[in-house]
$ cat run_8.csv   # CSV, C-alpha atoms
chain,number,residue,atom,x,y,z
A,1,MET,CA,2.8,11.2,-76.2
A,2,SER,CA,5.3,8.4,-75.9
A,3,ARG,CA,6.2,6.2,-78.8
A,4,ARG,CA,4.9,3.2,-77.0
A,5,ALA,CA,1.5,4.9,-76.4
A,6,ALA,CA,1.3,5.8,-80.1
A,7,LEU,CA,1.8,2.2,-81.0
A,8,TRP,CA,-1.0,1.0,-78.7
A,9,ILE,CA,-3.3,3.7,-80.0
A,10,GLY,CA,-2.5,2.6,-83.5
A,11,PHE,CA,-3.1,-1.0,-82.5
A,12,ALA,CA,-6.6,-0.2,-81.2
A,13,LEU,CA,-7.6,1.9,-84.2
A,14,VAL,CA,-6.3,-0.7,-86.7
A,15,HIS,CA,-8.2,-3.5,-85.1
A,16,ALA,CA,-11.4,-1.5,-84.7
A,17,LEU,CA,-11.2,-0.4,-88.4
A,18,VAL,CA,-10.5,-3.9,-89.8
A,19,ALA,CA,-13.2,-5.5,-87.6
A,20,TRP,CA,-15.7,-3.0,-88.9
A,21,LEU,CA,-14.6,-3.5,-92.5
A,22,GLY,CA,-15.6,-7.1,-92.2
A,23,PHE,CA,-19.2,-6.0,-91.9
A,24,ALA,CA,-19.0,-3.1,-94.4
A,25,TYR,CA,-17.3,-4.9,-97.3
A,26,PRO,CA,-19.1,-6.9,-99.9
A,27,ASN,CA,-18.7,-10.7,-100.3
A,28,GLU,CA,-18.8,-11.4,-96.6
A,29,PRO,CA,-15.1,-11.5,-95.6
A,30,MET,CA,-16.1,-12.6,-92.1
A,31,GLY,CA,-18.5,-15.3,-93.5
A,32,ASP,CA,-16.4,-18.3,-92.4
A,33,VAL,CA,-16.7,-17.2,-88.8
A,34,TYR,CA,-20.5,-17.5,-88.6
A,35,ARG,CA,-21.0,-20.0,-91.5
A,36,VAL,CA,-18.5,-22.7,-90.4
A,37,TYR,CA,-16.7,-21.8,-87.2
A,38,GLU,CA,-19.8,-21.1,-85.2
A,39,PRO,CA,-21.7,-24.3,-86.3
A,40,TRP,CA,-18.7,-26.5,-85.8
A,41,SER,CA,-18.1,-25.2,-82.3
A,42,LEU,CA,-21.8,-25.3,-81.4
A,43,GLU,CA,-21.9,-29.0,-82.4
A,44,ALA,CA,-19.1,-29.7,-80.0
A,45,LEU,CA,-20.5,-27.7,-77.2
A,46,GLN,CA,-23.9,-29.3,-77.6
A,47,GLY,CA,-22.6,-32.8,-77.8
A,48,ARG,CA,-23.6,-33.4,-81.4
A,49,GLY,CA,-20.2,-34.4,-82.6
A,50,ILE,CA,-16.7,-33.1,-82.6
A,51,VAL,CA,-15.0,-32.4,-85.9
A,52,GLY,CA,-11.6,-34.0,-86.1
A,53,ILE,CA,-12.7,-36.6,-83.5
A,54,THR,CA,-16.0,-38.1,-84.6
A,55,GLU,CA,-15.4,-37.2,-88.2
A,56,ALA,CA,-12.5,-36.3,-90.5
A,57,TRP,CA,-11.9,-32.6,-90.7
A,58,VAL,CA,-10.1,-30.2,-93.0
A,59,TYR,CA,-8.2,-28.6,-90.0
A,60,PRO,CA,-5.9,-30.1,-87.3
A,61,GLN,CA,-7.8,-30.8,-84.1
A,62,LEU,CA,-6.6,-27.8,-82.1
A,63,ALA,CA,-8.3,-25.5,-84.6
A,64,LEU,CA,-11.5,-26.1,-82.7
A,65,VAL,CA,-10.1,-24.5,-79.5
A,66,PRO,CA,-10.3,-20.8,-80.6
A,67,MET,CA,-13.6,-21.5,-82.3
A,68,VAL,CA,-15.0,-22.6,-78.9
A,69,LEU,CA,-13.2,-19.8,-77.0
A,70,ALA,CA,-14.9,-17.2,-79.2
A,71,HIS,CA,-18.2,-18.1,-77.6
A,72,THR,CA,-16.9,-16.6,-74.3
A,73,PHE,CA,-17.4,-13.1,-75.9
A,74,ALA,CA,-20.4,-14.0,-78.0
A,75,PRO,CA,-22.9,-12.6,-75.5
A,76,ILE,CA,-21.5,-9.1,-76.1
A,77,ALA,CA,-22.7,-8.8,-79.7
A,78,GLY,CA,-22.9,-12.2,-81.3
A,79,TYR,CA,-20.3,-14.8,-82.3
A,80,THR,CA,-18.7,-12.9,-85.1
A,81,VAL,CA,-17.9,-9.9,-82.8
A,82,GLY,CA,-16.8,-12.4,-80.2
A,83,TRP,CA,-14.3,-13.8,-82.7
A,84,ALA,CA,-13.0,-10.4,-83.4
A,85,ILE,CA,-12.5,-9.7,-79.7
A,86,LEU,CA,-10.7,-13.0,-79.2
A,87,VAL,CA,-8.3,-12.3,-82.1
A,88,THR,CA,-7.7,-8.7,-80.9
A,89,LEU,CA,-6.8,-10.0,-77.4
A,90,LEU,CA,-4.4,-12.6,-78.9
A,91,ASP,CA,-2.9,-9.9,-81.1
A,92,ALA,CA,-2.5,-7.6,-78.1
A,93,ALA,CA,-0.6,-10.3,-76.2
A,94,ALA,CA,1.7,-10.8,-79.2
A,95,PHE,CA,2.0,-7.0,-79.7
A,96,ALA,CA,3.0,-6.6,-76.1
A,97,VAL,CA,5.8,-9.1,-76.4
A,98,LEU,CA,7.0,-7.5,-79.6
A,99,VAL,CA,6.9,-3.9,-78.5
A,100,GLY,CA,8.1,-4.5,-74.9
A,101,ARG,CA,9.0,-1.1,-73.3
A,102,GLY,CA,9.1,0.6,-76.7
A,103,ALA,CA,12.8,1.4,-76.4
A,104,SER,CA,13.9,-0.6,-79.4
A,105,LEU,CA,13.7,1.1,-82.8
A,106,PRO,CA,13.7,-2.2,-84.7
A,107,ARG,CA,10.9,-3.6,-82.6
A,108,ARG,CA,8.8,-0.4,-83.0
A,109,THR,CA,9.4,-0.6,-86.8
A,110,ALA,CA,8.3,-4.2,-86.8
A,111,ALA,CA,5.2,-3.3,-84.8
A,112,TRP,CA,4.2,-0.5,-87.2
A,113,PHE,CA,4.9,-2.9,-90.1
A,114,TRP,CA,2.5,-5.5,-88.6
A,115,LEU,CA,-0.2,-2.9,-88.1
A,116,ALA,CA,0.2,-1.7,-91.7
A,117,TYR,CA,0.0,-5.2,-92.9
A,118,ILE,CA,-3.2,-5.9,-91.0
A,119,VAL,CA,-4.8,-2.8,-92.6
A,120,LEU,CA,-3.6,-3.7,-96.1
A,121,LEU,CA,-4.6,-7.3,-96.0
A,122,GLY,CA,-8.0,-6.3,-94.6
A,123,PRO,CA,-10.7,-8.2,-92.7
A,124,VAL,CA,-9.9,-11.6,-94.2
A,125,GLY,CA,-6.8,-11.6,-92.0
A,126,LEU,CA,-8.8,-11.0,-88.9
A,127,TYR,CA,-11.8,-13.2,-89.5
A,128,ARG,CA,-9.9,-16.5,-90.1
A,129,LEU,CA,-7.9,-19.0,-88.1
A,130,GLU,CA,-4.8,-17.5,-89.6
A,131,ALA,CA,-5.2,-14.6,-87.2
A,132,VAL,CA,-4.7,-16.9,-84.2
A,133,THR,CA,-1.7,-18.7,-85.7
A,134,VAL,CA,0.0,-15.4,-86.7
A,135,ALA,CA,-0.1,-14.1,-83.1
A,136,LEU,CA,1.3,-17.4,-81.8
A,137,GLY,CA,3.9,-17.4,-84.6
A,138,ILE,CA,5.2,-13.9,-83.9
A,139,VAL,CA,5.8,-14.7,-80.2
A,140,GLY,CA,7.3,-18.1,-81.1
A,141,CYS,CA,9.8,-16.6,-83.5
A,142,LEU,CA,10.7,-13.8,-81.0
A,143,TRP,CA,11.4,-16.4,-78.3
A,144,LEU,CA,13.4,-19.0,-80.4
A,145,VAL,CA,16.8,-18.0,-79.1
A,146,GLY,CA,16.1,-17.1,-75.5
A,147,ARG,CA,13.2,-19.5,-74.8
A,148,PRO,CA,13.4,-22.3,-77.3
A,149,TRP,CA,11.2,-24.7,-75.4
A,150,ALA,CA,8.4,-22.2,-75.0
A,151,ALA,CA,8.9,-21.0,-78.6
A,152,SER,CA,8.7,-24.5,-80.0
A,153,MET,CA,5.6,-25.3,-78.0
A,154,LEU,CA,3.8,-22.2,-79.2
A,155,LEU,CA,4.7,-22.9,-82.8
A,156,ALA,CA,3.6,-26.5,-82.4
A,157,VAL,CA,0.3,-25.4,-81.0
A,158,ALA,CA,-0.1,-23.1,-84.0
A,159,THR,CA,0.7,-26.0,-86.4
A,160,TRP,CA,-2.0,-28.1,-84.8
A,161,ILE,CA,-4.4,-25.2,-85.6
A,162,LYS,CA,-3.3,-24.6,-89.2
A,163,VAL,CA,-0.5,-26.6,-90.8
A,164,TRP,CA,1.5,-23.7,-92.2
A,165,PRO,CA,3.6,-22.9,-89.0
A,166,ALA,CA,5.3,-26.2,-89.6
A,167,ALA,CA,7.4,-24.1,-92.0
A,168,LEU,CA,8.6,-21.9,-89.0
A,169,LEU,CA,9.3,-25.0,-87.0
A,170,ALA,CA,11.4,-26.5,-89.8
A,171,ALA,CA,13.4,-23.3,-90.2
A,172,ALA,CA,13.9,-23.2,-86.4
A,173,VAL,CA,15.2,-26.8,-86.3
A,174,ILE,CA,17.7,-25.8,-89.0
A,175,ALA,CA,18.8,-22.3,-87.7
A,176,VAL,CA,18.6,-22.5,-83.9
A,177,ARG,CA,21.6,-24.1,-82.2
A,178,ARG,CA,19.5,-25.7,-79.4
A,179,ARG,CA,17.8,-28.0,-81.8
A,180,GLY,CA,16.9,-30.5,-79.1
A,181,ALA,CA,14.7,-27.9,-77.4
A,182,ILE,CA,12.9,-27.1,-80.7
A,183,VAL,CA,12.3,-30.8,-81.5
A,184,GLY,CA,11.4,-31.6,-77.8
A,185,GLY,CA,8.9,-28.8,-77.4
A,186,ALA,CA,7.1,-29.7,-80.7
A,187,ALA,CA,7.1,-33.4,-79.7
A,188,VAL,CA,5.6,-32.7,-76.3
A,189,VAL,CA,2.7,-30.7,-77.8
A,190,SER,CA,2.2,-33.3,-80.6
A,191,VAL,CA,2.1,-36.2,-78.2
A,192,LEU,CA,-0.3,-34.5,-75.8
A,193,THR,CA,-2.6,-33.5,-78.7
A,194,LEU,CA,-2.6,-36.9,-80.3
A,195,GLY,CA,-3.0,-38.5,-76.9
A,196,ALA,CA,-6.1,-36.4,-76.2
A,197,VAL,CA,-7.5,-37.2,-79.6
A,198,ALA,CA,-7.0,-40.9,-79.1
A,199,LEU,CA,-8.6,-40.8,-75.6
A,200,ALA,CA,-11.6,-39.0,-77.1
A,201,GLY,CA,-12.0,-41.8,-79.6
A,202,GLY,CA,-10.7,-40.0,-82.6
A,203,ALA,CA,-7.5,-41.8,-83.4
A,204,GLY,CA,-8.8,-42.8,-86.8
A,205,ASN,CA,-9.3,-39.2,-87.7
A,206,ALA,CA,-6.2,-37.8,-86.2
A,207,PHE,CA,-4.6,-37.0,-89.5
A,208,GLY,CA,-7.8,-36.6,-91.6
A,209,PHE,CA,-6.8,-33.0,-92.4
A,210,ILE,CA,-3.9,-34.4,-94.6
A,211,ASP,CA,-6.3,-36.5,-96.7
A,212,GLU,CA,-8.7,-33.5,-97.0
A,213,GLN,CA,-6.0,-31.3,-98.4
A,214,THR,CA,-4.4,-33.8,-100.8
A,215,THR,CA,-7.7,-34.5,-102.5
A,216,ARG,CA,-8.6,-30.9,-103.2
A,217,GLY,CA,-8.7,-29.3,-106.7
A,218,LEU,CA,-7.1,-26.1,-107.8
A,219,GLN,CA,-8.6,-23.1,-105.9
A,220,VAL,CA,-9.1,-20.1,-108.1
A,221,GLU,CA,-6.7,-17.8,-106.2
A,222,ALA,CA,-3.7,-20.2,-106.1
A,223,PRO,CA,-0.7,-19.2,-108.2
A,224,ILE,CA,-0.8,-22.4,-110.2
A,225,ALA,CA,-4.5,-21.7,-111.1
A,226,THR,CA,-3.6,-18.4,-112.9
A,227,PRO,CA,-3.3,-19.9,-116.5
A,228,TYR,CA,-6.7,-21.6,-116.0
A,229,LEU,CA,-8.3,-18.4,-114.7
A,230,TRP,CA,-7.0,-16.6,-117.8
A,231,GLY,CA,-8.4,-19.5,-120.0
A,232,ALA,CA,-11.8,-19.0,-118.4
A,233,PHE,CA,-11.6,-15.2,-118.9
A,234,LEU,CA,-10.6,-15.7,-122.6
A,235,GLY,CA,-13.5,-18.2,-123.1
A,236,GLN,CA,-11.3,-21.1,-123.9
A,237,ARG,CA,-13.2,-24.3,-124.3
A,238,GLY,CA,-13.3,-26.4,-121.1
A,239,PHE,CA,-11.9,-23.6,-118.9
A,240,ALA,CA,-14.2,-22.4,-116.1
A,241,VAL,CA,-14.5,-21.3,-112.5
A,242,SER,CA,-16.9,-23.4,-110.5
A,243,TYR,CA,-18.0,-23.7,-106.9
A,244,SER,CA,-17.3,-26.8,-104.7
A,245,PHE,CA,-20.1,-27.3,-102.3
A,246,GLU,CA,-18.1,-29.9,-100.5
A,247,LEU,CA,-15.0,-27.7,-99.8
A,248,LEU,CA,-16.9,-24.3,-99.9
A,249,THR,CA,-14.4,-22.8,-102.3
A,250,PHE,CA,-14.2,-21.8,-106.0
A,251,GLN,CA,-12.0,-23.9,-108.2
A,252,VAL,CA,-10.8,-23.9,-111.8
A,253,THR,CA,-11.2,-26.5,-114.5
A,254,GLY,CA,-9.5,-26.8,-117.8
A,255,THR,CA,-7.1,-28.8,-120.0
A,256,GLU,CA,-5.0,-31.4,-118.2
A,257,ILE,CA,-6.3,-30.2,-114.8
A,258,ASP,CA,-6.2,-33.6,-113.2
A,259,THR,CA,-2.5,-34.0,-114.2
A,260,VAL,CA,-1.7,-30.6,-112.6
A,261,ILE,CA,-3.7,-31.4,-109.5
A,262,ALA,CA,-1.9,-34.7,-109.1
A,263,ALA,CA,1.5,-33.1,-109.6
A,264,MET,CA,1.1,-30.3,-107.1
A,265,THR,CA,1.5,-32.2,-103.9
A,266,PRO,CA,4.8,-33.9,-105.0
A,267,ALA,CA,6.0,-30.5,-106.3
A,268,LEU,CA,5.2,-28.9,-102.9
A,269,VAL,CA,7.1,-31.6,-101.0
A,270,LEU,CA,10.1,-31.4,-103.3
A,271,ALA,CA,10.2,-27.6,-103.2
A,272,MET,CA,10.0,-27.5,-99.4
A,273,ALA,CA,12.7,-30.3,-99.2
A,274,ALA,CA,15.0,-28.4,-101.5
A,275,VAL,CA,14.7,-25.1,-99.6
A,276,ALA,CA,15.2,-26.9,-96.3
A,277,ALA,CA,18.3,-28.7,-97.7
A,278,LEU,CA,19.7,-25.3,-98.7
A,279,GLY,CA,19.1,-24.1,-95.2
A,280,VAL,CA,20.9,-27.1,-93.8
A,281,VAL,CA,23.9,-26.5,-95.9
A,282,LYS,CA,24.1,-22.8,-94.8
A,283,ALA,CA,23.7,-23.8,-91.1
A,284,ALA,CA,26.5,-26.4,-91.5
A,285,ARG,CA,28.7,-23.6,-92.8
A,286,GLY,CA,28.2,-21.6,-89.7
A,287,ILE,CA,25.5,-19.1,-90.7
A,288,GLY,CA,23.9,-17.7,-87.5
A,289,PHE,CA,20.3,-17.5,-86.5
A,290,ALA,CA,19.9,-13.7,-87.3
A,291,ALA,CA,21.1,-14.1,-90.8
A,292,LEU,CA,19.5,-17.5,-91.6
A,293,PHE,CA,16.2,-17.9,-89.9
A,294,PRO,CA,14.2,-15.0,-91.3
A,295,PRO,CA,14.9,-15.6,-95.0
A,296,LEU,CA,14.8,-19.4,-94.6
A,297,SER,CA,11.5,-19.4,-92.7
A,298,LEU,CA,9.9,-16.9,-95.2
A,299,ALA,CA,11.1,-19.0,-98.1
A,300,LEU,CA,9.5,-22.1,-96.6
A,301,VAL,CA,6.3,-20.2,-95.9
A,302,LEU,CA,6.2,-18.8,-99.4
A,303,GLY,CA,6.8,-22.3,-100.8
A,304,PHE,CA,3.7,-23.4,-99.0
A,305,ILE,CA,1.8,-20.7,-100.9
A,306,VAL,CA,3.5,-20.8,-104.3
A,307,PHE,CA,3.2,-24.6,-104.7
A,308,ASN,CA,-0.1,-25.0,-103.0
A,309,LYS,CA,-3.3,-26.1,-104.8
A,310,VAL,CA,-5.2,-23.9,-102.4
A,311,GLY,CA,-4.7,-20.1,-102.5
A,312,SER,CA,-7.1,-18.6,-100.0
A,313,PRO,CA,-6.5,-14.8,-99.5
A,314,GLN,CA,-5.9,-15.2,-95.8
A,315,TYR,CA,-2.7,-17.2,-96.6
A,316,LEU,CA,-0.9,-13.9,-97.1
A,317,ALA,CA,-1.1,-13.5,-93.3
A,318,TRP,CA,1.4,-16.3,-93.1
A,319,LEU,CA,4.2,-13.9,-94.1
A,320,VAL,CA,4.0,-11.7,-91.0
A,321,PRO,CA,6.0,-13.7,-88.4
A,322,SER,CA,9.1,-14.1,-90.6
A,323,LEU,CA,9.0,-10.5,-91.7
A,324,VAL,CA,8.6,-9.3,-88.1
A,325,ILE,CA,11.6,-11.2,-86.9
A,326,GLY,CA,13.6,-10.1,-89.9
A,327,ILE,CA,12.9,-6.5,-89.2
A,328,VAL,CA,13.7,-7.0,-85.5
A,329,VAL,CA,17.1,-8.6,-86.2
A,330,ARG,CA,18.2,-6.7,-89.3
A,331,ARG,CA,15.8,-3.8,-89.9
A,332,ARG,CA,17.4,-2.1,-93.0
A,333,VAL,CA,18.1,-5.4,-94.8
A,334,TRP,CA,14.4,-6.3,-94.5
A,335,ALA,CA,13.0,-3.0,-95.8
A,336,GLY,CA,12.7,-4.3,-99.4
A,337,PRO,CA,11.0,-7.6,-98.6
A,338,ALA,CA,8.6,-5.9,-96.2
A,339,ILE,CA,7.5,-3.3,-98.8
A,340,LEU,CA,7.0,-6.0,-101.4
A,341,ALA,CA,4.9,-8.0,-98.9
A,342,LEU,CA,2.8,-5.0,-98.1
A,343,VAL,CA,2.1,-4.6,-101.9
A,344,ALA,CA,1.1,-8.3,-102.0
A,345,ALA,CA,-1.3,-7.7,-99.0
A,346,LEU,CA,-2.9,-4.7,-100.7
A,347,LEU,CA,-3.4,-6.6,-104.0
A,348,THR,CA,-4.9,-9.5,-102.0
A,349,GLN,CA,-7.5,-7.2,-100.3
A,350,LEU,CA,-8.4,-5.7,-103.7
A,351,VAL,CA,-9.0,-9.3,-105.0
A,352,TYR,CA,-10.9,-10.4,-102.0
A,353,PRO,CA,-13.4,-9.1,-101.0
A,354,LEU,CA,-13.5,-6.0,-103.2
A,355,LEU,CA,-13.1,-7.4,-106.8
A,356,TYR,CA,-14.0,-11.0,-106.1
A,357,ALA,CA,-17.1,-11.0,-108.3
A,358,GLY,CA,-14.7,-10.3,-111.2
A,359,ILE,CA,-12.8,-13.4,-110.3
A,360,LEU,CA,-15.8,-15.8,-110.2
A,361,THR,CA,-17.1,-14.4,-113.5
A,362,PRO,CA,-13.7,-13.4,-114.9
A,363,GLU,CA,-13.3,-9.8,-115.7
A,364,PRO,CA,-10.1,-8.1,-116.9
A,365,VAL,CA,-9.4,-5.8,-113.9
A,366,ALA,CA,-9.9,-8.5,-111.3
A,367,VAL,CA,-8.0,-11.2,-113.1
A,368,THR,CA,-5.1,-8.8,-113.8
A,369,VAL,CA,-4.9,-7.7,-110.1
A,370,LEU,CA,-4.9,-11.4,-109.0
A,371,THR,CA,-2.2,-12.2,-111.5
A,372,LEU,CA,-0.1,-9.3,-110.3
A,373,ARG,CA,-0.5,-10.5,-106.7
A,374,ASN,CA,0.6,-14.0,-107.6
A,375,LEU,CA,3.6,-12.7,-109.5
A,376,VAL,CA,4.6,-10.6,-106.5
A,377,VAL,CA,4.3,-13.7,-104.2
A,378,CYS,CA,6.4,-15.8,-106.6
A,379,ALA,CA,9.0,-13.0,-106.9
A,380,LEU,CA,9.3,-12.8,-103.2
A,381,PHE,CA,9.7,-16.5,-102.9
A,382,VAL,CA,12.5,-16.5,-105.5
A,383,TRP,CA,14.1,-13.5,-103.7
A,384,MET,CA,14.2,-15.3,-100.4
A,385,VAL,CA,15.6,-18.5,-101.9
A,386,VAL,CA,18.3,-16.5,-103.6
A,387,ARG,CA,19.0,-14.6,-100.3
A,388,VAL,CA,19.5,-17.8,-98.4
A,389,ALA,CA,21.7,-19.2,-101.2
A,390,ARG,CA,23.9,-16.1,-101.1
A,391,LEU,CA,24.4,-16.0,-97.4
A,392,PRO,CA,28.2,-15.9,-96.9
A,393,ALA,CA,29.9,-18.1,-94.4
A,394,PRO,CA,31.2,-16.2,-91.4
A,395,ALA,CA,34.9,-16.6,-92.4
A,396,ARG,CA,34.2,-15.3,-95.8
A,397,ARG,CA,32.1,-12.4,-94.4
A,398,ARG,CA,34.9,-11.4,-92.0
A,399,ALA,CA,37.4,-11.5,-94.9
A,400,GLU,CA,35.1,-9.2,-97.0
A,401,ILE,CA,34.8,-6.7,-94.1
A,402,ALA,CA,38.6,-6.7,-93.6
A,403,ALA,CA,39.2,-6.2,-97.3
A,404,ALA,CA,36.8,-3.3,-97.3
A,405,GLU,CA,38.4,-1.7,-94.3
A,406,ALA,CA,41.9,-2.1,-95.7
A,407,SER,CA,41.1,-0.6,-99.1
A,408,PRO,CA,42.0,3.0,-99.6
A,409,SER,CA,39.1,5.5,-99.4
A,410,PRO,CA,38.2,7.1,-102.8
A,411,SER,CA,39.4,10.6,-103.3
A,412,VAL,CA,36.9,13.4,-103.2
$ encode --input "run_8.csv" --output "structure tokens"
Amino acid sequence: MSRRAALWIGFALVHALVAWLGFAYPNEPMGDVYRVYEPWSLEALQGRGIVGITEAWVYPQLALVPMVLAHTFAPIAGYTVGWAILVTLLDAAAFAVLVGRGASLPRRTAAWFWLAYIVLLGPVGLYRLEAVTVALGIVGCLWLVGRPWAASMLLAVATWIKVWPAALLAAAVIAVRRRGAIVGGAAVVSVLTLGAVALAGGAGNAFGFIDEQTTRGLQVEAPIATPYLWGAFLGQRGFAVSYSFELLTFQVTGTEIDTVIAAMTPALVLAMAAVAALGVVKAARGIGFAALFPPLSLALVLGFIVFNKVGSPQYLAWLVPSLVIGIVVRRRVWAGPAILALVAALLTQLVYPLLYAGILTPEPVAVTVLTLRNLVVCALFVWMVVRVARLPAPARRRAEIAAAEASPSPSV
């Protein structure tokens, strides 16, 4: 059996397993698909209103596209299975671009990493919009140097589905030499999207997803919510986990919660700006794409998670494109971050859906596992920021290599 064939067999087995786990696991990890994606898309198809156009929506407007496309496969075995088929096909397209002819060891390693990550993160990574954006993000990152216009347009489409790929675009603008192509491709997609929204009569709701996000409370899984979750577990007065029927999420309450909520959006903006500024400094000093883009993009993506008021388990899927491109360009250097990310993915699956009841009515094991997951994510964020900060300028790097080569070899 060829290595390429083994990869594709692994791809098929992994997607079949994870798709099945969505039905086998407790707490409905595929619930969003039939509870919200299907009703939203049916409303649009039946002419009863279009979210993001006729009303403000929590997602950017292009998020409705994959929801509608999943109906193409719904006659096979229902909408949820149709969604799984759609995601599998998108993943297959991205997988084909990544693997190619199977001759590259780094690309094969990155492919196996992606498959392992899908298994460890579990069905929540398949039955959410993140699955669509990850596939687009992987191809976009792989094409940044050779096909910057196409890469930028793919990443922009992903951003208009879920906002997080904006971190990949920001890192690309900083690290890719053909910045005009990156900005131009993103601008074309954004203008076309906003033009279509305006023509459909939804100009007033074009950026409704921003308002929806900024007015949210602290979701129970978010890193910043960890002290409040422990307060609820320890029975501290005023600390609790409660359900928001408006946002369909579980949130925390406790002392000074409104102050923390108000501070998180400015903190997120400042953190992202600081990481981006660090990347700009490194790019100005001549750091190339292969060294700068993977850690910078991952730091920005992790910043979206660490400083976010929302901490949905599927957010861990965001790490995949940066890690894949990191493994492709510098396989050995990225072994450590990849392993740590796999640990975070496994802890996330343990939290949701397996131990989720112990989060909602706080129990020691579940709260501890979630705390460990959040610590791992924060540690990975710090690691990536430090890695970017320590990137040596090319001249310095050449001097270090020359000095190492000139130094006498130690005696045996």
$ closest_residue --input "run_8.csv" --among "A:Leu154, A:Val65, A:Pro123, A:Trp112" --to "Val18 in chain A" --atoms "all atoms listed in the file"
A:Pro123
$ closest_residue --input "run_8.csv" --among "A:Arg4, A:Trp57, A:Leu270, A:Leu144" --to "Ala96 in chain A" --atoms "only C-alpha atoms"
A:Arg4
$ atom_distance --input "run_8.csv" --atom1 "CA of Ala77 in chain A" --atom2 "CA of Val119 in chain A"
22.9 Å
$ residues_near_point --input "run_8.csv" --point "(10.2, -20.7, -76.8)" --cutoff "12 Å" --atoms "all atoms listed in the file" --output "PDB file with C-alpha atoms, in the coordinates of the input"
ATOM      1  CA  LEU A 136       1.300 -17.400 -81.800  1.00  0.00           C
ATOM      2  CA  GLY A 137       3.900 -17.400 -84.600  1.00  0.00           C
ATOM      3  CA  ILE A 138       5.200 -13.900 -83.900  1.00  0.00           C
ATOM      4  CA  VAL A 139       5.800 -14.700 -80.200  1.00  0.00           C
ATOM      5  CA  GLY A 140       7.300 -18.100 -81.100  1.00  0.00           C
ATOM      6  CA  CYS A 141       9.800 -16.600 -83.500  1.00  0.00           C
ATOM      7  CA  LEU A 142      10.700 -13.800 -81.000  1.00  0.00           C
ATOM      8  CA  TRP A 143      11.400 -16.400 -78.300  1.00  0.00           C
ATOM      9  CA  LEU A 144      13.400 -19.000 -80.400  1.00  0.00           C
ATOM     10  CA  VAL A 145      16.800 -18.000 -79.100  1.00  0.00           C
ATOM     11  CA  GLY A 146      16.100 -17.100 -75.500  1.00  0.00           C
ATOM     12  CA  ARG A 147      13.200 -19.500 -74.800  1.00  0.00           C
ATOM     13  CA  PRO A 148      13.400 -22.300 -77.300  1.00  0.00           C
ATOM     14  CA  TRP A 149      11.200 -24.700 -75.400  1.00  0.00           C
ATOM     15  CA  ALA A 150       8.400 -22.200 -75.000  1.00  0.00           C
ATOM     16  CA  ALA A 151       8.900 -21.000 -78.600  1.00  0.00           C
ATOM     17  CA  SER A 152       8.700 -24.500 -80.000  1.00  0.00           C
ATOM     18  CA  MET A 153       5.600 -25.300 -78.000  1.00  0.00           C
ATOM     19  CA  LEU A 154       3.800 -22.200 -79.200  1.00  0.00           C
ATOM     20  CA  LEU A 155       4.700 -22.900 -82.800  1.00  0.00           C
ATOM     21  CA  ALA A 156       3.600 -26.500 -82.400  1.00  0.00           C
ATOM     22  CA  VAL A 157       0.300 -25.400 -81.000  1.00  0.00           C
ATOM     23  CA  LEU A 169       9.300 -25.000 -87.000  1.00  0.00           C
ATOM     24  CA  ALA A 172      13.900 -23.200 -86.400  1.00  0.00           C
ATOM     25  CA  VAL A 176      18.600 -22.500 -83.900  1.00  0.00           C
ATOM     26  CA  ARG A 178      19.500 -25.700 -79.400  1.00  0.00           C
ATOM     27  CA  ARG A 179      17.800 -28.000 -81.800  1.00  0.00           C
ATOM     28  CA  ALA A 181      14.700 -27.900 -77.400  1.00  0.00           C
ATOM     29  CA  ILE A 182      12.900 -27.100 -80.700  1.00  0.00           C
ATOM     30  CA  VAL A 183      12.300 -30.800 -81.500  1.00  0.00           C
ATOM     31  CA  GLY A 184      11.400 -31.600 -77.800  1.00  0.00           C
ATOM     32  CA  GLY A 185       8.900 -28.800 -77.400  1.00  0.00           C
ATOM     33  CA  ALA A 186       7.100 -29.700 -80.700  1.00  0.00           C
TER      34      ALA A 186
END
$ closest_residue --input "run_8.csv" --among "A:Leu69, A:Ala203, A:Ala335, A:Val58" --to "Leu323 in chain A" --atoms "all atoms listed in the file"
A:Ala335
$ residues_around --input "run_8.csv" --residues "Ile174 in chain A" --least-positions-apart "6" --cutoff "7 Å" --atoms "only C-alpha atoms" --output "list in words"
Gly279, Val280 and Ala283 of chain A
$ closest_residue --input "run_8.csv" --among "A:Gly231, A:Pro223, A:Gly204, A:Pro394" --to "Pro364 in chain A" --atoms "only C-alpha atoms"
A:Gly231
$ closest_residue --input "run_8.csv" --among "A:Trp8, A:Phe304, A:Trp164, A:Trp383" --to "Leu268 in chain A" --atoms "all atoms listed in the file"
A:Phe304
$ atom_distance --input "run_8.csv" --atom1 "CA of Pro26 in chain A" --atom2 "CA of Leu370 in chain A"
17.5 Å
$ residues_around --input "run_8.csv" --residues "Ala344 in chain A" --least-positions-apart "3" --cutoff "9 Å" --atoms "all atoms listed in the file" --output "ChimeraX atom specification"
/A:120-121,316,339-341,347-349,372-374,376-377
$ closest_residue --input "run_8.csv" --among "A:Ala393, A:Leu45, A:Val124, A:Val351" --to "Glu221 in chain A" --atoms "only C-alpha atoms"
A:Val351
$ atom_distance --input "run_8.csv" --atom1 "CA of Leu98 in chain A" --atom2 "CA of Ala63 in chain A"
24.1 Å
$ residues_around --input "run_8.csv" --residues "Met30 in chain A" --least-positions-apart "5" --cutoff "8 Å" --atoms "only C-alpha atoms" --output "ChimeraX atom specification"
/A:22-23,80,123-124,127-128
$ residues_around --input "run_8.csv" --residues "range 353-356 of chain A" --least-positions-apart "5" --cutoff "9 Å" --atoms "all atoms listed in the file" --output "list in words"
Tyr25, Pro26, Asn27, Glu28, Pro29, Gly122, Pro123, Val124, Thr348, Thr361, Val365, Ala366, Val367 and Val369 of chain A
